[in-house]
Amino acid sequence: MRRAQDIVGNRLLKALAPRERHLLSKNLEAVMLEKGTVLFEPGEDVISICFPGPGTVASLILNLRDGATAEAALIGQEGAVGGIISGGDKPAFTRGVVQIGGPAMRLATDVLEKAKLRSPTLRDHFARYADCLLAQTLQSVACNAIHDLDARLARWLLTLQDRIGGDDLHLTQEFIAEMLGVQRTYVTRVIGSLEKTGAIRRSRGTLTVVNRGKLERQACECYAFLRRHFERVLPGVYPDARAPTKNA
């Protein structure tokens, strides 16, 4: 672990003006998050906030009584995990889990709250992100209730690729099924269908986005809706859309 004086990876932090960034920088710590690390459990006080760097991805997971799980939000370099919407070290409602390990910046929740009191601009910045995170959660609720699995899976893969910034997505079909709250057999069928269209290619433990344009056409409108909301509320924070790897 090392103390970080400048912010090089997380887009939410980079978007801060120099004065607001200075209020946080001396208290930020650079850490490496390992895959599977549980950042907090439901009911625990959230005492720190993690700002994922490029390629690092975490999820907010809901655990149900029968042992099933479902993903409520996927967070990467555009955001932060923990202590944002609650505005302090309040008990968590979900589990925060690192899905793809990598670099991150960590900050004590009380440090952010004190900095907000000193800077209305900083307070507004994180309130805007909280709005975007809430929008993502609400969009997921509507998507899961209305859209078929083919469109949902395409949307989820696009969302993950944005945060990773590469074509190769290292994940298993079992993991995808767990995140989407469906049976693995359904995921296998849909992935096979997407592969036949030429949108993706699968190998053991990896899905490769071969043609992003085709994948975008398979996705539901939820993907584009959320991107547009981010751009309206926090311009430039959401990772840039990748150009198709082949002509559509």
# chains A, B, ... in the order shown; residues from 1 in each chain; ligands from 1
call {"tool": "residues_around", "arguments": {"residues": "Leu158 of chain A", "least_positions_apart": "2", "cutoff": "12 Å", "atoms": "only C-alpha atoms", "output": "JSON, numbers by chain"}}
result
{"A": [74, 151, 152, 153, 154, 155, 156, 160, 161, 162, 163, 164, 165, 166, 167, 168, 169, 199, 200, 207, 208, 209, 210, 211, 212, 213, 214, 215, 216, 217, 218, 219, 220, 221, 222, 223, 224, 226, 227, 239, 240, 241, 242, 243, 244]}
call {"tool": "residues_around", "arguments": {"residues": "segment 49-51 of chain A", "least_positions_apart": "3", "cutoff": "12 Å", "atoms": "only C-alpha atoms", "output": "PyMOL selection string"}}
result
chain A and resi 7-14+24+27-33+37-40+45-46+54-59+75-89+96-98+102-113
call {"tool": "select_by_dssp", "arguments": {"residues": "segment 49-187 of chain A", "states": "strand (DSSP E or B)", "output": "MDAnalysis selection string"}}
result
chainID A and resid 49:52 57:63 69:75 81 91 95:100 102:108 168:169
call {"tool": "write_last_selection", "arguments": {"atoms": "C-alpha atoms", "output": "PDB file, in the first residue's frame"}}
result
ATOM      1  CA  ILE A  49     -14.850   4.312   0.006  1.00  0.00           C
ATOM      2  CA  CYS A  50     -13.043   2.626  -2.876  1.00  0.00           C
ATOM      3  CA  PHE A  51     -12.536   4.380  -6.212  1.00  0.00           C
ATOM      4  CA  PRO A  52     -11.687   1.667  -8.791  1.00  0.00           C
ATOM      5  CA  VAL A  57     -14.612  -3.658 -11.276  1.00  0.00           C
ATOM      6  CA  ALA A  58     -16.805  -4.148  -8.203  1.00  0.00           C
ATOM      7  CA  SER A  59     -20.462  -5.047  -7.788  1.00  0.00           C
ATOM      8  CA  LEU A  60     -23.198  -4.317  -5.311  1.00  0.00           C
ATOM      9  CA  ILE A  61     -24.805  -7.696  -4.679  1.00  0.00           C
ATOM     10  CA  LEU A  62     -28.146  -8.577  -3.130  1.00  0.00           C
ATOM     11  CA  ASN A  63     -28.265 -11.878  -1.246  1.00  0.00           C
ATOM     12  CA  THR A  69     -27.781 -13.558  -5.579  1.00  0.00           C
ATOM     13  CA  ALA A  70     -28.356 -10.736  -8.046  1.00  0.00           C
ATOM     14  CA  GLU A  71     -26.279  -7.756  -9.058  1.00  0.00           C
ATOM     15  CA  ALA A  72     -27.745  -4.335  -8.294  1.00  0.00           C
ATOM     16  CA  ALA A  73     -24.939  -2.209  -9.785  1.00  0.00           C
ATOM     17  CA  LEU A  74     -21.623  -2.621 -11.601  1.00  0.00           C
ATOM     18  CA  ILE A  75     -18.972  -0.036 -10.700  1.00  0.00           C
ATOM     19  CA  VAL A  81     -18.090   1.867  -3.936  1.00  0.00           C
ATOM     20  CA  PRO A  91     -25.108   0.366   7.514  1.00  0.00           C
ATOM     21  CA  ARG A  95     -22.651  -6.678  -0.260  1.00  0.00           C
ATOM     22  CA  GLY A  96     -19.774  -4.919  -2.018  1.00  0.00           C
ATOM     23  CA  VAL A  97     -17.563  -7.398  -3.872  1.00  0.00           C
ATOM     24  CA  VAL A  98     -14.528  -6.988  -6.135  1.00  0.00           C
ATOM     25  CA  GLN A  99     -15.310  -8.851  -9.363  1.00  0.00           C
ATOM     26  CA  ILE A 100     -12.173  -7.988 -11.331  1.00  0.00           C
ATOM     27  CA  GLY A 102      -6.807  -4.232  -9.880  1.00  0.00           C
ATOM     28  CA  PRO A 103      -5.762  -0.799  -8.630  1.00  0.00           C
ATOM     29  CA  ALA A 104      -8.020   1.480  -6.633  1.00  0.00           C
ATOM     30  CA  MET A 105      -7.908   4.533  -4.397  1.00  0.00           C
ATOM     31  CA  ARG A 106      -9.263   4.231  -0.854  1.00  0.00           C
ATOM     32  CA  LEU A 107     -10.585   7.047   1.323  1.00  0.00           C
ATOM     33  CA  ALA A 108     -12.106   7.066   4.797  1.00  0.00           C
ATOM     34  CA  ASP A 168     -11.278  -9.629 -23.522  1.00  0.00           C
ATOM     35  CA  LEU A 169     -13.657 -10.155 -20.613  1.00  0.00           C
TER      36      LEU A 169
END
call {"tool": "atom_distance", "arguments": {"atom1": "atom CA of Val233 of chain A", "atom2": "atom CA of Arg128 of chain A"}}
result
6.2 Å
call {"tool": "select_by_dssp", "arguments": {"residues": "segment 37-229 of chain A", "states": "alpha helix (DSSP H)", "output": "CSV table (one decimal) with C-alpha atoms, in the first residue's frame"}}
result
chain,number,residue,atom,x,y,z
A,109,THR,CA,-15.8,8.0,4.7
A,110,ASP,CA,-15.5,10.6,7.4
A,111,VAL,CA,-12.7,12.4,5.4
A,112,LEU,CA,-15.1,12.8,2.5
A,113,GLU,CA,-17.9,14.0,4.7
A,114,LYS,CA,-15.7,16.7,6.3
A,115,ALA,CA,-14.5,17.7,2.8
A,116,LYS,CA,-18.0,18.1,1.6
A,117,LEU,CA,-18.7,20.6,4.5
A,118,ARG,CA,-15.8,22.7,3.3
A,120,PRO,CA,-20.3,22.9,-1.9
A,121,THR,CA,-18.7,22.1,-5.2
A,122,LEU,CA,-17.3,18.8,-3.9
A,123,ARG,CA,-20.7,18.1,-2.3
A,124,ASP,CA,-22.5,18.7,-5.5
A,125,HIS,CA,-20.1,16.5,-7.5
A,126,PHE,CA,-20.7,13.5,-5.3
A,127,ALA,CA,-24.4,14.1,-5.1
A,128,ARG,CA,-24.4,14.0,-8.9
A,129,TYR,CA,-22.6,10.7,-8.9
A,130,ALA,CA,-25.0,9.3,-6.3
A,131,ASP,CA,-27.8,10.3,-8.7
A,132,CYS,CA,-26.1,8.3,-11.5
A,133,LEU,CA,-25.6,5.3,-9.3
A,134,LEU,CA,-29.2,5.4,-8.3
A,135,ALA,CA,-30.2,5.7,-11.9
A,136,GLN,CA,-28.2,2.6,-12.7
A,137,THR,CA,-29.9,0.6,-10.0
A,138,LEU,CA,-33.4,1.8,-11.1
A,139,GLN,CA,-32.6,1.0,-14.8
A,140,SER,CA,-31.5,-2.5,-13.8
A,141,VAL,CA,-34.8,-3.1,-12.0
A,142,ALA,CA,-36.8,-2.1,-15.0
A,143,CYS,CA,-34.5,-4.0,-17.4
A,144,ASN,CA,-34.7,-7.2,-15.3
A,145,ALA,CA,-38.5,-7.0,-15.1
A,146,ILE,CA,-39.2,-6.2,-18.8
A,149,LEU,CA,-32.2,-12.3,-21.4
A,150,ASP,CA,-30.6,-11.8,-24.8
A,151,ALA,CA,-30.9,-8.0,-24.5
A,152,ARG,CA,-30.0,-7.9,-20.9
A,153,LEU,CA,-26.8,-10.0,-21.4
A,154,ALA,CA,-25.7,-7.8,-24.3
A,155,ARG,CA,-26.2,-4.7,-22.1
A,156,TRP,CA,-24.3,-6.2,-19.3
A,157,LEU,CA,-21.3,-7.2,-21.5
A,158,LEU,CA,-21.2,-3.7,-22.9
A,159,THR,CA,-21.3,-2.2,-19.4
A,160,LEU,CA,-18.5,-4.4,-18.3
A,161,GLN,CA,-16.4,-3.7,-21.4
A,162,ASP,CA,-16.7,0.0,-20.8
A,163,ARG,CA,-15.2,-0.3,-17.4
A,164,ILE,CA,-12.4,-2.7,-18.4
A,173,GLN,CA,-20.8,-18.4,-17.7
A,174,GLU,CA,-21.5,-19.4,-14.2
A,175,PHE,CA,-20.4,-16.0,-12.9
A,176,ILE,CA,-22.6,-14.2,-15.5
A,177,ALA,CA,-25.6,-16.4,-14.5
A,178,GLU,CA,-25.1,-15.4,-10.9
A,179,MET,CA,-24.9,-11.7,-11.6
A,180,LEU,CA,-28.0,-11.7,-13.8
A,184,ARG,CA,-26.5,-21.1,-16.4
A,185,THR,CA,-28.3,-23.0,-19.2
A,186,TYR,CA,-30.0,-19.8,-20.2
A,187,VAL,CA,-26.7,-17.9,-20.3
A,188,THR,CA,-25.1,-20.7,-22.4
A,189,ARG,CA,-27.9,-20.5,-24.9
A,190,VAL,CA,-27.7,-16.7,-25.2
A,191,ILE,CA,-23.9,-16.6,-25.5
A,192,GLY,CA,-24.1,-19.2,-28.2
A,193,SER,CA,-26.6,-17.0,-30.0
A,194,LEU,CA,-24.4,-13.9,-29.7
A,195,GLU,CA,-21.5,-15.8,-30.9
A,196,LYS,CA,-23.4,-16.9,-34.1
A,197,THR,CA,-24.1,-13.2,-34.9
A,212,ARG,CA,-19.1,-4.0,-30.6
A,213,GLY,CA,-21.6,-2.6,-33.1
A,214,LYS,CA,-23.4,-5.9,-33.3
A,215,LEU,CA,-23.4,-6.3,-29.6
A,216,GLU,CA,-24.9,-2.8,-29.2
A,217,ARG,CA,-27.7,-3.7,-31.6
A,218,GLN,CA,-28.5,-6.8,-29.5
A,222,CYS,CA,-31.2,0.6,-21.0
A,223,TYR,CA,-27.5,0.7,-22.0
A,224,ALA,CA,-27.9,3.9,-24.0
A,225,PHE,CA,-30.3,5.5,-21.5
A,226,LEU,CA,-27.8,5.2,-18.7
A,227,ARG,CA,-24.9,6.5,-20.8
A,228,ARG,CA,-26.9,9.6,-21.7
A,229,HIS,CA,-27.9,10.2,-18.1
call {"tool": "atom_distance", "arguments": {"atom1": "atom CA of Val182 of chain A", "atom2": "atom CA of Gly36 of chain A"}}
result
20.3 Å
call {"tool": "closest_residue", "arguments": {"among": "A:His170, A:Lys90, A:Arg201, A:His147", "to": "Glu41 of chain A", "atoms": "only C-alpha atoms"}}
result
A:Lys90
call {"tool": "atom_distance", "arguments": {"atom1": "atom CA of Gly236 of chain A", "atom2": "atom CA of Arg19 of chain A"}}
result
18.7 Å
